[in-house]
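Structure data (PDB, C-alpha atoms) from protein-v6.pdb:
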```
ATOM      1  CA  MET A   1      58.206  70.375  95.912
ATOM      2  CA  TRP A   2      60.015  71.672  92.877
ATOM      3  CA  GLY A   3      58.856  70.477  89.472
ATOM      4  CA  SER A   4      61.069  69.773  86.485
ATOM      5  CA  VAL A   5      59.171  71.428  83.611
ATOM      6  CA  ASP A   6      60.308  74.857  82.393
ATOM      7  CA  ILE A   7      57.265  77.161  82.516
ATOM      8  CA  ASN A   8      59.140  80.406  81.784
ATOM      9  CA  LYS A   9      57.300  80.810  78.493
ATOM     10  CA  LYS A  10      53.803  80.900  77.103
ATOM     11  CA  VAL A  11      51.929  77.823  78.303
ATOM     12  CA  VAL A  12      48.820  76.698  76.439
ATOM     13  CA  ILE A  13      46.156  74.945  78.510
ATOM     14  CA  ASP A  14      43.229  73.293  76.750
ATOM     15  CA  SER A  15      40.893  70.345  77.316
ATOM     16  CA  ASN A  16      43.801  67.949  76.625
ATOM     17  CA  ASN A  17      45.992  69.225  79.487
ATOM     18  CA  ASN A  18      43.835  71.102  81.991
ATOM     19  CA  THR A  19      43.726  68.830  85.067
ATOM     20  CA  PHE A  20      46.405  68.704  87.742
ATOM     21  CA  THR A  21      46.039  66.128  90.508
ATOM     22  CA  PHE A  22      48.168  65.701  93.624
ATOM     23  CA  SER A  23      47.929  64.606  97.240
ATOM     24  CA  VAL A  24      48.547  66.563 100.406
ATOM     25  CA  ASP A  25      48.873  64.345 103.471
ATOM     26  CA  SER A  26      46.960  61.545 101.674
ATOM     27  CA  ASN A  27      44.108  63.876 100.646
ATOM     28  CA  GLN A  28      43.789  63.928  96.861
ATOM     29  CA  TYR A  29      42.977  67.152  95.020
ATOM     30  CA  THR A  30      42.293  67.824  91.350
ATOM     31  CA  LEU A  31      42.529  71.296  89.871
ATOM     32  CA  THR A  32      40.899  72.115  86.562
ATOM     33  CA  ILE A  33      42.833  74.998  85.061
ATOM     34  CA  PRO A  34      40.845  77.287  82.772
ATOM     35  CA  ASN A  35      41.737  76.957  79.096
ATOM     36  CA  GLY A  36      43.942  79.702  77.766
ATOM     37  CA  THR A  37      47.435  80.816  76.890
ATOM     38  CA  TYR A  38      49.332  81.895  79.985
ATOM     39  CA  ARG A  39      52.397  84.104  79.908
ATOM     40  CA  ASN A  40      54.979  83.448  82.593
ATOM     41  CA  VAL A  41      58.052  85.656  82.574
ATOM     42  CA  ARG A  42      60.127  85.567  85.745
ATOM     43  CA  ASP A  43      62.218  88.586  84.717
ATOM     44  CA  LEU A  44      59.055  90.693  84.463
ATOM     45  CA  TYR A  45      57.449  89.133  87.565
ATOM     46  CA  GLU A  46      54.479  88.043  85.474
ATOM     47  CA  ASP A  47      53.022  84.707  86.426
ATOM     48  CA  GLU A  48      49.575  84.328  84.887
ATOM     49  CA  LEU A  49      49.703  80.536  85.162
ATOM     50  CA  ILE A  50      50.568  80.583  88.885
ATOM     51  CA  GLN A  51      47.714  83.037  89.461
ATOM     52  CA  ALA A  52      45.244  80.758  87.626
ATOM     53  CA  ILE A  53      46.405  77.657  89.533
ATOM     54  CA  THR A  54      46.229  79.515  92.859
ATOM     55  CA  LYS A  55      42.712  80.743  92.123
ATOM     56  CA  GLU A  56      41.526  77.189  91.439
ATOM     57  CA  ALA A  57      43.275  75.843  94.573
ATOM     58  CA  ASN A  58      41.724  78.560  96.738
ATOM     59  CA  LYS A  59      38.246  77.416  95.663
ATOM     60  CA  GLN A  60      39.006  74.085  97.362
ATOM     61  CA  SER A  61      40.943  75.527 100.328
ATOM     62  CA  ILE A  62      43.960  73.382  99.475
ATOM     63  CA  PRO A  63      46.666  74.098 102.092
ATOM     64  CA  VAL A  64      49.464  74.818  99.620
ATOM     65  CA  ILE A  65      51.130  77.806  98.018
ATOM     66  CA  PHE A  66      52.155  77.802  94.356
ATOM     67  CA  ARG A  67      55.259  79.734  93.357
ATOM     68  CA  PHE A  68      57.428  80.371  90.342
ATOM     69  CA  GLY A  69      60.936  79.108  91.199
ATOM     70  CA  GLY A  70      64.236  79.275  89.340
ATOM     71  CA  MET A  71      66.807  76.520  88.888
ATOM     72  CA  HIS A  72      70.108  76.323  87.078
ATOM     73  CA  TYR A  73      71.369  73.151  85.385
ATOM     74  CA  ASP A  74      73.679  74.345  82.604
ATOM     75  CA  GLU A  75      70.708  76.549  81.644
ATOM     76  CA  VAL A  76      68.379  78.596  83.795
ATOM     77  CA  TYR A  77      64.757  77.526  83.848
ATOM     78  CA  GLU A  78      61.705  78.376  85.899
ATOM     79  CA  VAL A  79      59.485  75.714  87.442
ATOM     80  CA  LEU A  80      56.325  75.329  89.490
ATOM     81  CA  VAL A  81      57.069  75.160  93.225
ATOM     82  CA  ILE A  82      54.435  73.871  95.639
ATOM     83  CA  GLU A  83      54.737  74.500  99.386
ATOM     84  CA  HIS A  84      52.425  73.566 102.241
ATOM     85  CA  THR A  85      51.046  76.580 104.086
ATOM     86  CA  ASP A  86      52.088  75.080 107.445
ATOM     87  CA  LYS A  87      55.838  75.638 107.645
ATOM     88  CA  ASN A  88      56.253  74.282 111.184
ATOM     89  CA  ASN A  89      55.340  70.631 110.602
ATOM     90  CA  GLU A  90      56.225  68.019 108.008
ATOM     91  CA  HIS A  91      53.665  67.267 105.313
ATOM     92  CA  VAL A  92      53.636  64.872 102.387
ATOM     93  CA  LEU A  93      52.914  66.190  98.898
ATOM     94  CA  ASP A  94      52.959  63.486  96.241
ATOM     95  CA  ASN A  95      51.046  61.591  93.528
ATOM     96  CA  PHE A  96      51.395  64.330  90.915
ATOM     97  CA  THR A  97      49.316  63.263  87.897
ATOM     98  CA  GLY A  98      46.600  64.570  85.598
ATOM     99  CA  SER A  99      46.596  65.712  82.017
ATOM    100  CA  ALA A 100      48.429  68.953  82.929
ATOM    101  CA  ASN A 101      51.266  67.295  84.859
ATOM    102  CA  ASP A 102      53.617  67.071  81.861
ATOM    103  CA  THR A 103      52.857  70.707  80.992
ATOM    104  CA  LEU A 104      53.048  72.204  84.497
ATOM    105  CA  PHE A 105      55.109  70.085  86.836
ATOM    106  CA  GLY A 106      56.774  66.959  85.458
ATOM    107  CA  ASN A 107      58.749  65.089  88.088
ATOM    108  CA  ILE A 108      59.714  66.100  91.589
ATOM    109  CA  LYS A 109      63.092  67.783  91.173
ATOM    110  CA  PHE A 110      63.628  68.866  94.768
ATOM    111  CA  ASN A 111      61.832  68.212  98.028
ATOM    112  CA  LEU A 112      63.112  71.111 100.098
ATOM    113  CA  LEU A 113      61.810  72.633 103.289
ATOM    114  CA  PRO A 114      60.457  76.170 102.815
ATOM    115  CA  ARG A 115      62.775  79.022 103.723
ATOM    116  CA  ASP A 116      61.793  82.386 105.161
TER
END
```
Please render this file's structure as structure tokens.
Amino acid sequence: MWGSVDINKKVVIDSNNNTFTFSVDSNQYTLTIPNGTYRNVRDLYEDELIQAITKEANKQSIPVIFRFGGMHYDEVYEVLVIEHTDKNNEHVLDNFTGSANDTLFGNIKFNLLPRD
């Protein structure tokens, strides 16, 4: 799943936008992202926000991988990409909500199969 929010910048997470909820194969998960200002610069391969989200997901053994992905629609922007860890079978990732959704993910932009 490719989000639609550009996160190639400093992203501020606080108590107003720190929860990210989504479903994986009908199992709902909620991540609480630690408050802070996260720097995400694709050109420098720095992705503090992705690291923080991954750390929280690992605590719950959520079977997904979070990545920093680039898209180009008249302008280049970097978005949150979420992939299931099982690349051999189809899985459903949906119901993206929570106070952090507008900051981190937005809407599903692409639903593409992972590539090696």
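Here CA of Val12 in chain A stands at a distance of 18.8 Å from CA of Val81 in chain A.
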Closest of A:Ser99, A:Asn18, A:Asn89, A:Thr54 to Phe68 in chain A - atom-to-atom distances counting all atoms listed in the file |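 Among the listed residues, the smallest separation from Phe68 in chain A belongs to A:Thr54.
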Contacts of Trp2 in chain A at 12 Å (all atoms listed in the file; same-chain gap of 2+ positions) as a ChimeraX atom specification | /A:4-6,65-71,77-83,93-94,96,104-114
Long-range neighbours of Asp47 in chain A as number ranges by chain, 10 Å cut-off, all atoms listed in the file, 5 positions minimum in chain = A: 7-9, 38-42, 52, 67-68
For Leu31 in chain A, list every protein, DNA or RNA residue within 12 Å, evaluated using all atoms listed in the file, and leave out those in the same chain fewer than 5 positions away; present the list as a list in words.
-> Asn17, Asn18, Thr19, Phe20, Thr21, Phe22, Ser23, Ala52, Ile53, Thr54, Lys55, Glu56, Ala57, Asn58, Lys59, Gln60, Ser61, Ile62, Phe96, Thr97, Gly98, Ser99, Ala100, Asn101 and Leu104 of chain A
So which one's closest to Val11 in chain A, A:His84, A:Thr37, A:Asp102, A:Val92? Using only C-alpha atoms, please.
->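 The closest residue to Val11 in chain A is A:Thr37.
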Pick from A:Met1, A:Gln51, A:Asn88, A:Pro63 nearest to Pro34 in chain A, counting only C-alpha atoms = A:Gln51
Mind working out the centre and edge lengths of an axis-aligned box for range 77-86 of chain A, all listed atoms inside, 8 Å added to each side, rounded to one decimal in Å and written as JSON?
```
{"center_x": 57.9, "center_y": 76.0, "center_z": 95.6, "size_x": 29.7, "size_y": 20.8, "size_z": 39.6}
```
Quote the spacing between CA of Ile33 in chain A and CA of Gly3 in chain A in Å to one decimal place.
-> 17.2 Å
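Distance-wise, CA of Lys10 in chain A and CA of Thr30 in chain A end up 22.5 Å apart.
With distances restricted to all atoms listed in the file, A:Asn95 is the closest residue to Asn27 in chain A from A:Ile50, A:Thr85, A:Asp14, A:Asn95.
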